[in-house]
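Asker: Okay, here's the structure, questions in a sec.
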Amino acid sequence: MVKWTEEERCIIRGVWGKVDIDEVGAQLWARALIVYPWIERYFGTFGDTFTTTAILNNPKLAALGKIVLAALDTAVKNMDNVKGAFASLSRVHYEKIKVDPEHFRLLAECITISIACKLKAELSPQVLSTWQKFLSAVVEAMSSQYK
Amino acid sequence: MVEWTEQERNIITSIFSNLDYDDVGPKALCRCLIVYPWTQRYFASFGNLYNADAIKTNPNIQTHGTRVLHGLDRAVKNMDNIKGTYAELSVLHSEKLHVDPDNFKLLADCLTIVIAAKMGSGFTPEMQATFQKFLAVVVSALGRQYH
């Protein structure tokens with residue numbers, strides 16, 4: 001089980017408190033799809049995701065981004081049991097959506113880059129280190145129900 | 001061989017022309033040493049690296065960070081033959097410095113975060129995609145002479 005110091009908890013809540021879920025969520029999938037275009041294969045039912053402009057203006061992607069960040073909020077509020085909190089979510093991604101678990105890591109990177117763009121120097125090396133530890137725990141929890 | 005569009009070339013040269021190498025280089029290297037502490041083992045002769053503050057104020061790290069960015073500058077000026085440009089550097093990192101090539105990607109990731117923090121919302125998804133493509137080519141070229 002992942003252990004968190006009091007300082008790490010404060011850092012993670014501090015970073016998360018500065019994230020506007022609507023703002024970052026709307027751009028999150030656009031960034032992921034543009035930087036890692038192969039993940040387009042999960043979005044066959046999302047309409048036009050074939051050009052940069054279409055991706056940036058796709059309302060379904062924007063909505064999904066906010067859903068992902070709402071789930072991340074659950075992880076922030078359940079840091080001591082992210083695995084338990086995400087068990088059924090992991091199962092859905094494995095059994096139903098069939099997501100390659102490597103792609104959780106790619107999305108996590110995009111989340112970090114979006115936050116870096118927003119927080120700039122506030123995302124110091126030490127803060128980044130703790131934030132990435134948190135996201136690794138989330139990625140691991142999302143992969144936990146995969147066999 | 002890697003192909004670059006005119007737009008990608010412009011993005012890369014534009015990002016680098018707006019960088020202060022003396023600032024960004026050391027920041028990226030410090031971030032790498034703090035976030036991925038095992039990389040400190042390559043810098044045993046650099047003096048005090050025992051905590052984040054020591055790393056951030058270490059003059060050898062400053063110098064080396066700047067050197068790394070100037071090395072990247074050579075790749076920017078030789079985008080059509082990064083592999084050839086870096087052949088000797090790759091041999092050096094393999095045979096003399098014994099750097100695990102996985103660690104090139106870690107430094108590349110840290111540099112991306114520093115650039116994102118610097119450019120803020122100017123670091124659009126397209127710029128991120130191009131920048132990461134460039135760094136992937138650099139990382140591959142540096143690992144090329146390993147055997």
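Ordering of the structure tokens sets the chain letters (A, B, ...); residue numbers start at 1 within each chain; ligands are numbered from 1 in the order shown.
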Per residue of chain A within 6 Å of chain B, record the nearest atom pair and its distance in Å to one decimal, counting only C-alpha atoms, with rows in chain order and ascending residue number, as a tab-separated table.

Answerer:
residue	atom	partner	partner_atom	distance
A:Arg31	CA	B:Pro125	CA	4.7
A:Val35	CA	B:Ala129	CA	4.3
A:Ala116	CA	B:Ala117	CA	4.9
A:Cys117	CA	B:Gly120	CA	3.9
A:Lys118	CA	B:Gly120	CA	5.9
A:Lys120	CA	B:Ala117	CA	3.8
A:Pro125	CA	B:Arg31	CA	4.9
A:Ser129	CA	B:Val35	CA	4.7

Asker: Create the file for the chosen residues now, containing C-alpha atoms and written as a PDB file, in the first residue's frame.

Answerer:
ATOM      1  CA  ARG A  31      -3.642  17.252 -25.629  1.00  0.00           C
ATOM      2  CA  VAL A  35       0.409  14.206 -28.802  1.00  0.00           C
ATOM      3  CA  ALA A 116       2.771  22.596 -15.393  1.00  0.00           C
ATOM      4  CA  CYS A 117       1.434  25.061 -17.988  1.00  0.00           C
ATOM      5  CA  LYS A 118      -0.966  26.452 -15.396  1.00  0.00           C
ATOM      6  CA  LYS A 120       4.486  27.200 -13.850  1.00  0.00           C
ATOM      7  CA  PRO A 125      10.878  19.863  -8.551  1.00  0.00           C
ATOM      8  CA  SER A 129       8.096  14.645  -7.497  1.00  0.00           C
TER       9      SER A 129
END

Asker: Name the residues of stretch 41-105 of chain A that come out as helix (DSSP H, G or I) in a backbone DSSP run; write them as a ChimeraX atom specification.

Answerer: /A:41-43,52-57,59-77,79-85,87-95,102-105

Asker: Using only C-alpha atoms, find the one residue out of B:Leu19, B:Leu106, B:Thr39, B:Lys83 that sits nearest to B:Ser140.

Answerer: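 Answer, going by the shortest atom-to-atom distance: B:Lys83.
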
Asker: Using only C-alpha atoms, which residues sit within 7 Å of stretch 64-73 of chain B once same-chain residues fewer than 4 positions away are excluded, as a tab-separated table (two decimals) with all heavy atoms, in the first residue's frame?

Answerer:
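The resulting around.tsv:
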chain	number	residue	atom	x	y	z
B	21	TYR	N	19.41	29.40	-22.20
B	21	TYR	CA	20.02	28.10	-21.95
B	21	TYR	C	20.60	28.01	-20.54
B	21	TYR	O	20.59	26.94	-19.93
B	21	TYR	CB	21.13	27.80	-22.97
B	21	TYR	CG	20.64	27.51	-24.36
B	21	TYR	CD1	19.31	27.68	-24.73
B	21	TYR	CD2	21.51	27.07	-25.35
B	21	TYR	CE1	18.88	27.43	-26.02
B	21	TYR	CE2	21.09	26.81	-26.64
B	21	TYR	CZ	19.77	26.99	-26.97
B	21	TYR	OH	19.35	26.73	-28.26
B	22	ASP	N	21.10	29.17	-20.04
B	22	ASP	CA	21.70	29.17	-18.69
B	22	ASP	C	20.66	28.96	-17.60
B	22	ASP	O	20.99	28.63	-16.48
B	22	ASP	CB	22.40	30.51	-18.42
B	22	ASP	CG	23.63	30.68	-19.27
B	22	ASP	OD1	24.26	29.64	-19.57
B	22	ASP	OD2	23.96	31.82	-19.62
B	25	GLY	N	18.54	24.93	-18.84
B	25	GLY	CA	19.38	23.73	-18.74
B	25	GLY	C	19.55	23.28	-17.30
B	25	GLY	O	19.23	22.14	-16.94
B	26	PRO	N	20.06	24.17	-16.42
B	26	PRO	CA	20.21	23.80	-15.02
B	26	PRO	C	18.88	23.39	-14.37
B	26	PRO	O	18.82	22.45	-13.58
B	26	PRO	CB	20.77	25.07	-14.37
B	26	PRO	CG	21.50	25.75	-15.48
B	26	PRO	CD	20.72	25.47	-16.71
B	29	LEU	N	18.03	19.82	-15.39
B	29	LEU	CA	18.92	18.83	-14.76
B	29	LEU	C	18.61	18.69	-13.27
B	29	LEU	O	18.52	17.57	-12.75
B	29	LEU	CB	20.38	19.23	-14.98
B	29	LEU	CG	21.44	18.22	-14.50
B	29	LEU	CD1	21.22	16.85	-15.13
B	29	LEU	CD2	22.84	18.73	-14.79
B	60	ASN	N	28.47	23.01	-10.21
B	60	ASN	CA	28.77	22.00	-11.24
B	60	ASN	C	27.51	21.58	-11.98
B	60	ASN	O	27.53	21.34	-13.19
B	60	ASN	CB	29.43	20.78	-10.61
B	60	ASN	CG	30.82	21.07	-10.10
B	60	ASN	OD1	31.58	21.80	-10.73
B	60	ASN	ND2	31.16	20.54	-8.94
B	77	LYS	N	20.15	22.51	-34.78
B	77	LYS	CA	20.80	23.00	-36.00
B	77	LYS	C	21.08	21.89	-37.01
B	77	LYS	O	21.50	22.17	-38.12
B	77	LYS	CB	22.10	23.75	-35.66
B	77	LYS	CG	21.85	24.99	-34.80
B	77	LYS	CD	23.11	25.80	-34.58
B	77	LYS	CE	22.80	27.24	-34.18
B	77	LYS	NZ	22.23	27.38	-32.85

Asker: Skipping near chain neighbours, those fewer than 5 positions away, what residues fall within 12 Å of stretch 104-108 of chain A using only C-alpha atoms, listed as a ChimeraX atom specification?

Answerer: /A:25,27-39,65,68-69,72,90,93-94,98-99,113-115,131-144 /B:109

Asker: Just checking: using only C-alpha atoms, which residue out of B:Asp23, B:Ile12, B:Glu95, B:Val137 ends up closest to B:Ile82?

Answerer: B:Val137
